[in-house]
Amino acid sequence: MNLLNTLIAGVSIGAIYSLIAFALILVWRSTRVVNFAQAGQAAFSTYVGLTIEKAVGNYWLAFIGAILAGVIVGAFVEVVVVRFIVKRATSAATATVAPVIAMLGLLGIFQGVMGLIWGGEYQPYPTAFAREGMSIAGNQIPFSQFDLFVLLTVVVAMSISAVIFQRTSLGLSMRAAAFAPEVTRLSGIRVSRIRTLGWAFAGGAGGLAGVLVAPTTFIAPNSFDLLLVFGFTAAVIGGLDSLIGGVLGGLALGIGLSVVTGYLGGSYTFMTAFVLLIVILLVRPQGILGARGARRA
Amino acid sequence: MHVVHKLSTGKRITLALFIALILFVASNFVDEYRIFQGAQVAAYLVGIISIVLLTGFSGQITLGQGAFMAVGAYSAAIVVQEFTLPIWLTFFIAVIAAALFGAIIGISAGRLSGPYLAGATLAFAVGIPALANAIPILGGEQGLSFDIGYAPGKYADTVSPYKWLFWICALCAIIAVVIAVNLTSSGMGREWRAVRAHETAAALSGINPARSKVLAFTVSSGFAGLAGVSFSATVGLVSPSGFTLSLSFLLLTGAILGGISHISGALGGAFIIVIIPTIFEAWTEEASLGVATYLPGIIVSALLLLSIALAPEGPSEALHKLRHRGHRKP
Amino acid sequence: MTLRVRGLTIDHGAIRAISNASFNVPKGSITAVIGANGAGKSTLLRTISGLKRATSGNILWDELAIDHLQTEQIVRAGIVHVPEGRSVVTELTVSENLALGGVWRLRKNKADVVRAIDEVYELFPRLAERRKQRADTLSGGERQMLAIGRGLVARPELLLLDEPSLGLAPLVVEQIFQTLAQLQRSTGMTILLVEQNAMSALRIASQGIVLDQGQVVIADDARAIMNDTALRHAYLGY
């Protein structure tokens, strides 16, 4: 039963890694930028949610508010920062380095601003669901109502995204814009708007990830940095070019880390993720589901 | 500062000795706290040089210099725990250990580029301190103490520990700069730049890009190791919390702001990252604690963002272009 | 609507790709732009469709000056550019590629978009057979048909075609050109066809424009150009 327990425990956190990976991959495919500032955006959205909750006392309003904040911030970042950076990058060497550094600078700004507005101490984030393990047939499993909520929410979010991407003309435009931006422009589609939408979408996903993870970890300006690293690891494992890969990578990572924590103890958790990332980058950098040659930025 | 590159090695060393002498004399007239900051600047300077070499010259983005610094610092600290060694030997061990580590990492990381490389170095930056935390021999969360001690023998009374610290760090920094300038004006520096600009073209002209990149990692890590041990000397302690991700970012920021393509920018960058918090301490005495804590970080990050947005090739390149704009052929 | 190009000069950095080009593209016909490789033909099309900005000169679509418009706006004005190199989105299916051409019109007239896609399937039956297949499983000729089909779904008044014959077998090229001629006759659309394969292009065109090193050497009746052996030898290599 022990293995099963750790597997179950890993699924819930794995779902959150999937969300972050989803946000990172979405933005990578449409703009060829890895949004290291995603941690800051997600934290900011979560803080907005917290503020709403404190002001109004309604968990669900806060929930929606946080996601909306994520969407708005995502769009804002694309329009104000990313467009400018991508346009200005002249040589190939700069085109890969400059956006990374710009996003890091942005992350720093976010974290400073959050500290200014909300202070640096860890603050608890409320939850609408019980957090003790549920009982099934008399046995307690390490899976609470809250975990179930997290899992279901992520599944719903992913399903909605899948439907949008595969079955709507908006999704078609987004996919085409990511694969072949010039052809898409020549088809009369405003690719720049589509890109903004992609970032907004990713921002919303990040905000959702934030409010789903916040009740378990408390929130401070830096609290999602580690989450970003895990999300990035999940994205790389699955393949930075594959949304499905990222989602699966997140689940795999969550379960894998949970197993390691269960059997070897918590201090090895981070090490394992780190080792896994390095191994994947060396052995199969395009990820499990990515296409060959995708390693080049 | 370009003029330095045109000097011969002999002249460079003379210039370095001259500067060393000036610093030595000046240190007797400046108050203790400034001397301590000087030591910090020296440590950061070496760290930033390591980034300039790896990212500016060899074109490999690194978010993880903090990890290499930690390797150097921990190596020195462990050795000192067992043996009593002269300081220069301790520092040397730090450099070698970090360089070896860099070589190993470089073999693997050299095959990556762009966000993959960034992600991998990011993982090092967070992973190495986490590792240090987990392994008991490295002192866990408390870390290991690292004391440079006092000036030898009869000088122990007249020379304050801060001055002694400064002299050592400054000397290391000066040596580092001389070596770095030599490297970058040599064939190796040109090789790095060639590989950075166009890997295939470089390969076709007989350069081995993979070897060049690994070499860059090795050399850069050596510098980072030196920075790490200098840095730990200023703190007196080698612990995981001293080598956080923020440190790596701070160094990268200093490198970008100073101008990542040239060694000369490193000094400017080091000054910026040490001076800005100091300036803010003075300005925000009246302001709330919140503003004082966070505003410097915001300003520095904003500067970084602006700098990379407006001058992606580095401020020195942008200035260069501005100066020569009138002379372009039609 | 007529396309008028006046004094167009286009630079690629320090290189002058097109100097002072002026010509008209008469409505309801096929105009062939021909010339040797590097003569600037593709650059010309890319500038008309807004992917590149000219250094000086005007491009007029009837009374509308389009030389400073965004590509997306130019498409909506009725000018569709099918770029060179079988420009399909390889990760999407055939039907998705075609649908892409109609996305911008979807809200205005969904029924017509559906109709347009059906017309493309009629025009290129091979595409209809491979509707659900990913574009990267298609042959070169089929991809070219798909790229043209996508352009047609946007119901262009002016279709800009960049070297559709490049890299294709002669039989396939003939097939495509015949289809184009037939299309032009039945819909009355204007086609500006850039080609290295001068003979095939001139045969279906009514006007020919010869470019040499970025300059318009001659703009004349296509038949006249074909019959002018001296011209052919000098600029078209045959």
# chains A, B, ... in the order shown; residues from 1 in each chain; ligands from 1
call {"tool": "interface_residues", "arguments": {"of": "chain B", "to": "chain A", "cutoff": "7 Å", "atoms": "only C-alpha atoms", "output": "VMD selection string"}}
result
chain B and resid 59 61 108 113 to 115 120 123 127 131 134 196 to 197 290 to 291 294 to 295 297 to 298 301 to 302 304 to 305 308 to 309 312 to 313
call {"tool": "interface_residues", "arguments": {"of": "chain C", "to": "chain B", "cutoff": "12 Å", "atoms": "only C-alpha atoms", "output": "ChimeraX atom specification"}}
result
/C:13-15
call {"tool": "residues_around", "arguments": {"residues": "Phe57 of chain B", "least_positions_apart": "3", "cutoff": "12 Å", "atoms": "only C-alpha atoms", "output": "PyMOL selection string"}}
result
(chain A and resi 93) or (chain B and resi 49-54+60-61+180-181+183-185+188-197+212-213+215-217+219-220+259-263+313-314)
call {"tool": "closest_atom_pairs", "arguments": {"of": "chain C", "to": "chain A", "cutoff": "12 Å", "atoms": "only C-alpha atoms", "output": "tab-separated table"}}
result
residue	atom	partner	partner_atom	distance
C:Leu45	CA	A:Leu186	CA	11.8
C:Arg46	CA	A:Leu186	CA	10.0
C:Ile48	CA	A:Leu186	CA	11.5
C:Ser49	CA	A:Leu186	CA	7.8
C:Gly50	CA	A:Leu186	CA	9.0
C:Leu51	CA	A:Glu182	CA	8.3
C:Lys52	CA	A:Glu182	CA	11.6
C:Gln70	CA	A:Arg190	CA	9.2
C:Thr71	CA	A:Arg185	CA	6.4
C:Glu72	CA	A:Gly188	CA	4.2
C:Gln73	CA	A:Gly188	CA	7.0
C:Ile74	CA	A:Gly188	CA	7.8
C:Val75	CA	A:Gly188	CA	5.1
C:Arg76	CA	A:Gly188	CA	6.5
C:Ala77	CA	A:Gly188	CA	9.7
C:Gly78	CA	A:Gly188	CA	9.9
C:Ile79	CA	A:Leu186	CA	9.5
C:Val80	CA	A:Leu186	CA	6.9
C:His81	CA	A:Leu186	CA	6.4
C:Val82	CA	A:Leu186	CA	7.6
C:Pro83	CA	A:Val183	CA	8.0
C:Glu84	CA	A:Val183	CA	10.7
C:Gly85	CA	A:Val183	CA	11.2
C:Arg86	CA	A:Val183	CA	10.4
C:Ser87	CA	A:Val183	CA	6.8
C:Val88	CA	A:Val183	CA	7.5
C:Val89	CA	A:Ala180	CA	6.2
C:Thr90	CA	A:Phe179	CA	8.3
C:Glu91	CA	A:Phe179	CA	7.4
C:Leu92	CA	A:Ala176	CA	7.7
C:Thr93	CA	A:Leu172	CA	10.7
C:Ser95	CA	A:Leu172	CA	11.1
C:Glu96	CA	A:Leu172	CA	7.4
C:Asn97	CA	A:Ala176	CA	8.6
C:Leu98	CA	A:Ser187	CA	9.9
C:Ala99	CA	A:Ser169	CA	8.1
C:Leu100	CA	A:Ser187	CA	6.7
C:Gly101	CA	A:Ser187	CA	5.1
C:Gly102	CA	A:Ser187	CA	7.5
C:Val103	CA	A:Ser169	CA	6.4
C:Trp104	CA	A:Gly188	CA	5.9
C:Arg105	CA	A:Gly188	CA	8.9
C:Leu106	CA	A:Ser169	CA	8.5
C:Arg107	CA	A:Ser169	CA	10.3
C:Lys110	CA	A:Ser169	CA	11.4
C:Ala147	CA	A:Val183	CA	9.4
C:Ile148	CA	A:Ser187	CA	11.4
C:Gly149	CA	A:Ser187	CA	11.5
C:Arg150	CA	A:Ser187	CA	7.9
C:Gly151	CA	A:Ser187	CA	7.2
C:Leu152	CA	A:Ser187	CA	10.2
C:Val153	CA	A:Ser187	CA	9.3
C:Ala154	CA	A:Ser187	CA	7.3
C:Arg155	CA	A:Ser187	CA	10.9
C:Pro156	CA	A:Ser187	CA	10.7
C:Leu159	CA	A:Leu186	CA	11.5
C:Leu160	CA	A:Leu186	CA	10.8
call {"tool": "select_by_dssp", "arguments": {"residues": "segment 72-227 of chain A", "states": "helix (DSSP H, G or I)", "output": "PyMOL selection string"}}
result
chain A and resi 72-88+92-118+145-167+169-179+181-186+191-217+225-227
call {"tool": "select_by_dssp", "arguments": {"residues": "segment 27-107 of chain C", "states": "strand (DSSP E)", "output": "short mmCIF file (atom, residue, chain, number, x, y, z; two decimals) with N, CA and C atoms, in the first residue's frame"}}
result
data_model
loop_
_atom_site.label_atom_id
_atom_site.label_comp_id
_atom_site.auth_asym_id
_atom_site.auth_seq_id
_atom_site.Cartn_x
_atom_site.Cartn_y
_atom_site.Cartn_z
N ILE C 30 -3.96 37.27 -66.15
CA ILE C 30 -2.75 36.75 -65.51
C ILE C 30 -1.55 37.55 -66.02
N THR C 31 -0.81 38.12 -65.08
CA THR C 31 0.43 38.81 -65.43
C THR C 31 1.59 37.98 -64.92
N ALA C 32 2.54 37.73 -65.81
CA ALA C 32 3.69 36.92 -65.40
C ALA C 32 4.89 37.84 -65.18
N VAL C 33 5.53 37.73 -64.03
CA VAL C 33 6.77 38.46 -63.77
C VAL C 33 7.90 37.45 -63.90
N ILE C 34 8.76 37.65 -64.88
CA ILE C 34 9.80 36.66 -65.11
C ILE C 34 11.17 37.31 -65.14
N SER C 56 11.28 53.39 -51.24
CA SER C 56 10.53 54.53 -51.77
C SER C 56 9.60 54.03 -52.87
N GLY C 57 8.63 54.87 -53.23
CA GLY C 57 7.70 54.48 -54.29
C GLY C 57 6.33 54.19 -53.72
N ASN C 58 5.37 53.96 -54.61
CA ASN C 58 3.99 53.70 -54.17
C ASN C 58 3.46 52.41 -54.74
N ILE C 59 2.57 51.80 -53.98
CA ILE C 59 1.80 50.67 -54.49
C ILE C 59 0.33 51.02 -54.28
N LEU C 60 -0.41 51.08 -55.36
CA LEU C 60 -1.80 51.47 -55.25
C LEU C 60 -2.72 50.34 -55.68
N TRP C 61 -3.69 50.10 -54.83
CA TRP C 61 -4.70 49.10 -55.12
C TRP C 61 -5.97 49.88 -55.38
N LEU C 64 -6.43 52.92 -53.12
CA LEU C 64 -5.88 52.70 -51.78
C LEU C 64 -4.36 52.48 -51.84
N ALA C 65 -3.63 53.29 -51.11
CA ALA C 65 -2.17 53.09 -51.05
C ALA C 65 -1.87 52.01 -50.03
N ILE C 79 -5.90 41.14 -51.44
CA ILE C 79 -4.67 40.68 -52.07
C ILE C 79 -4.10 39.54 -51.24
N VAL C 80 -3.94 38.37 -51.86
CA VAL C 80 -3.43 37.20 -51.14
C VAL C 80 -2.13 36.73 -51.77
N HIS C 81 -1.12 36.55 -50.93
CA HIS C 81 0.21 36.17 -51.39
C HIS C 81 0.48 34.73 -51.00
N VAL C 82 0.78 33.89 -52.00
CA VAL C 82 1.22 32.52 -51.71
C VAL C 82 2.73 32.51 -51.89
#
call {"tool": "residues_around", "arguments": {"residues": "Gly206 of chain A", "least_positions_apart": "6", "cutoff": "12 Å", "atoms": "only C-alpha atoms", "output": "PyMOL selection string"}}
result
chain A and resi 16-27+35-46+66-74+154+157+199-200+212-214+224+227-228+231
call {"tool": "residues_around", "arguments": {"residues": "Phe124 of chain C", "least_positions_apart": "2", "cutoff": "10 Å", "atoms": "only C-alpha atoms", "output": "PDB file with C-alpha atoms, in the first residue's frame"}}
result
ATOM      1  CA  ASP C 118     -15.358  22.832 -51.152  1.00  0.00           C
ATOM      2  CA  GLU C 119     -14.447  24.662 -54.359  1.00  0.00           C
ATOM      3  CA  VAL C 120     -10.771  24.073 -53.627  1.00  0.00           C
ATOM      4  CA  TYR C 121     -11.459  20.360 -53.155  1.00  0.00           C
ATOM      5  CA  GLU C 122     -13.189  20.364 -56.527  1.00  0.00           C
ATOM      6  CA  ARG C 126      -6.023  15.045 -54.767  1.00  0.00           C
ATOM      7  CA  LEU C 127      -6.416  17.301 -51.737  1.00  0.00           C
ATOM      8  CA  ALA C 128      -9.934  16.041 -51.144  1.00  0.00           C
ATOM      9  CA  GLU C 129      -8.599  12.511 -50.952  1.00  0.00           C
ATOM     10  CA  GLU C 142       0.249  18.342 -53.519  1.00  0.00           C
ATOM     11  CA  MET C 145      -1.772  22.783 -54.504  1.00  0.00           C
ATOM     12  CA  LEU C 146      -2.533  23.065 -50.798  1.00  0.00           C
ATOM     13  CA  ILE C 148      -2.565  27.752 -53.505  1.00  0.00           C
ATOM     14  CA  GLY C 149      -5.808  26.321 -52.167  1.00  0.00           C
ATOM     15  CA  ILE C 176      -0.978  23.368 -61.861  1.00  0.00           C
ATOM     16  CA  THR C 179      -5.615  24.742 -63.286  1.00  0.00           C
TER      17      THR C 179
END
call {"tool": "atom_distance", "arguments": {"atom1": "atom CA of Leu151 of chain A", "atom2": "atom CA of Val260 of chain A"}}
result
20.8 Å
call {"tool": "atom_distance", "arguments": {"atom1": "atom CA of Arg193 of chain A", "atom2": "atom CA of Val94 of chain C"}}
result
24.6 Å
call {"tool": "residues_around", "arguments": {"residues": "Ile219 of chain A", "least_positions_apart": "5", "cutoff": "8 Å", "atoms": "only C-alpha atoms", "output": "ChimeraX atom specification"}}
result
/A:43,47,122-125,214
call {"tool": "residues_around", "arguments": {"residues": "Pro126 of chain A", "least_positions_apart": "6", "cutoff": "9 Å", "atoms": "only C-alpha atoms", "output": "list in words"}}
result
Leu50, Glu53, Tyr59, Ala214 and Pro215 of chain A
call {"tool": "closest_residue", "arguments": {"among": "B:Ala130, B:Val159, B:Ile96, B:Ala70", "to": "Leu144 of chain B", "atoms": "only C-alpha atoms"}}
result
B:Ala70
